[in-house]
Amino acid sequence: MNQQPPIGSKRPFDPLAQTIARGHACLDAGDFVQAQACFAAALQHAPRDAGLHFGHALAMQGLGQYQQALARLREAAALAPRDALIANALGSLLGECGEHSAALAELQRACSLAPDFAAAWFNLGKCHVLRGEVEAALVPLRHALELDPALDSARFALAEALMMHGKTAASADEYRKLLQREPRSGLAWWGLANLKAVRLADDDLLALQTLVERRDLRIEEQLGARFALAKALDDVGRDAEAFNACCAANALARPLFPWQAAAFDDWIVRVIAAFDAVPVASDDDFGREVIFIVGMPRSASTLTEQILAAHPQVEGASELGDLGAVLGVESQRRGMPFPQWVARANEADWRRLGAEYLQRTARWRAQRPRFTDKMPGNWVYSAAIARMLPGARIVHCRRDPVETCWSCFRQIFWAAHNYSYDFDDLAAYWRRCDATMRHWQQGLHGRIHQQVYEDLLADPAQRTRELLEFCGLPFDAACLAPHEAERSVRTASAAQVREPLRRDTARTNRYGALLDPLRSALARPARG
């Protein structure tokens, strides 16, 4: 979320003023270590200066010390309760730390304190999106643009929110407005291309081919342009060129998002061993409110959630970070990383962790009694889910592995899925996910259901009935028309799941032997 430059009191020219000035200069230069030192020194002399606490917080935030930064921002807000800049920064950081309810209140306060503060309205809109309140986000985002039509970050967020809300044409229009202001915006090009139902025109393709040759773009703009070019070439059937463009885009991305496949594999082996060594989870209904949807990205997990969210008893909450957050807090409390503490946790510990998860997600049950948590990577925590929430259901989404991995390879996930920028890494991750879920499906006694995409396409009525039965839900005909469900979808599949089911979604046959390296990588056996 947006940050504003630090504030500070004007002081006579003296050593303290020099220290403060240097702190601000270091912040501007990105030298957060020196900035932190300067503000810490200044606070020794002026401990009740809100501006110094603010500057110190921004330095800490730049160093990744988020909890310490929050403490400083709270101190600054207590000293200057009517300062909208501080309220905005505090709300933004609370949102980044996952404290979305507190973030919403603080950002609403910032907007109330300074009604013409465009950045605060933008951050309020972003906070609504993080809370899954996409429709509510549209008003503050539009207001931010009324206040500052040149605030491109707000227009980009508005375009994304419209896409999530199913307004594809309106979203495309906002991306076009961004490109009118800045034709070199690779991120806007990617946003437009990522509207799966939108085909880029011939002149768009020419513009992208010219853009990727530039060497003056920021790296994220280069990535956006290159992935957008690959999609545009795919749209017009220039498969070999699309493949090469996609490989070039991923080659550029991979160094930015490092992934150690062997280290991840070793960690998963330790997770499996830790849970295999402890008693099987209890068998009761605690946690039956939640349906976890897990597996690889691009494996029809969004479609599966859409089917369930069409049911009158189920709220689709999309991708929630709460499970990982609960386990992370427990690791901090115990002073050891997951899964080292698994053997020391008793049944009461697991029940306490399950209750914490349910408390964090309570707002998703305000309208309907059940909800989905569609964080794909939660497959690594399947055994923990079974112990924390024995009544929860886990749906493992599966799709043809080549189709899945190729679809991931064509998508920018930024840092969310670092394994996705290389065929070998993708294949290793897929193999480990597949082997682990097969292992846990045998050991968790009916708590995991496999939802196979190709089987769903072949017989949607039967597979939907089986899914509902597994989740303990009565059949409802609305689940057979998931594209008609009115809800926000916060994933790359937002446009696709609003179309009726199609059986012609496979893409890999077009690429033939070009994908043989991926096929070979997938054919290797998983370790352990």
# chains A, B, ... in the order shown; residues from 1 in each chain; ligands from 1
>>> select_by_dssp(residues="segment 149-256 of chain A", states="helix (DSSP H, G or I)", output="MDAnalysis selection string")
chainID A and resid 152:164 168:181 186:193 202:211 219:235 239:256
>>> residues_around(residues="Ala57 of chain A", least_positions_apart="5", cutoff="9 Å", atoms="only C-alpha atoms", output="list in words")
Gln36, Leu52, Gly62, Gln65, Tyr66, Gln68, Ala69, Leu70, Ala71, Arg72, Leu73 and Ala76 of chain A
>>> residues_around(residues="segment 473-481 of chain A", least_positions_apart="6", cutoff="8 Å", atoms="only C-alpha atoms", output="list in words")
Ile307, Leu308, Ala309, Ala310, His311, Gln313, Pro460, Ala461, Thr464, Arg465 and Pro500 of chain A
>>> closest_residue(among="A:Cys26, A:Val314, A:Ala59, A:Ala263", to="Leu468 of chain A", atoms="only C-alpha atoms")
A:Val314
>>> closest_atom_pairs(of="segment 254-289 of chain A", to="segment 371-376 of chain A", cutoff="12 Å", atoms="only C-alpha atoms", output="JSON lines")
{"residue": "A:Gly287", "atom": "CA", "partner": "A:Phe371", "partner_atom": "CA", "distance": 10.7}
{"residue": "A:Arg288", "atom": "CA", "partner": "A:Phe371", "partner_atom": "CA", "distance": 9.5}
{"residue": "A:Glu289", "atom": "CA", "partner": "A:Phe371", "partner_atom": "CA", "distance": 6.3}
>>> closest_residue(among="A:Leu178, A:Leu327, A:Ala253, A:Ala172", to="Ser153 of chain A", atoms="only C-alpha atoms")
A:Leu178
>>> closest_residue(among="A:Leu233, A:Val329, A:Cys246, A:Ala197", to="Cys408 of chain A", atoms="only C-alpha atoms")
A:Cys246
>>> residues_around(residues="Ala262 of chain A", least_positions_apart="5", cutoff="10 Å", atoms="only C-alpha atoms", output="list in words")
Trp267, Ile268, Asp425, Ala428, Tyr429 and Arg527 of chain A
>>> write_last_selection(atoms="C-alpha atoms", output="short mmCIF file (atom, residue, chain, number, x, y, z; two decimals), in the first residue's frame")
data_model
loop_
_atom_site.label_atom_id
_atom_site.label_comp_id
_atom_site.auth_asym_id
_atom_site.auth_seq_id
_atom_site.Cartn_x
_atom_site.Cartn_y
_atom_site.Cartn_z
CA TRP A 267 11.31 -29.61 4.24
CA ILE A 268 8.20 -31.45 2.99
CA ASP A 425 11.26 -26.42 -10.64
CA ALA A 428 9.58 -30.95 -8.97
CA TYR A 429 6.92 -28.97 -7.12
CA ARG A 527 12.16 -38.19 -3.94
#
>>> residues_around(residues="Arg270 of chain A", least_positions_apart="3", cutoff="12 Å", atoms="only C-alpha atoms", output="ChimeraX atom specification")
/A:263-267,273-277,337-343,380,436,528
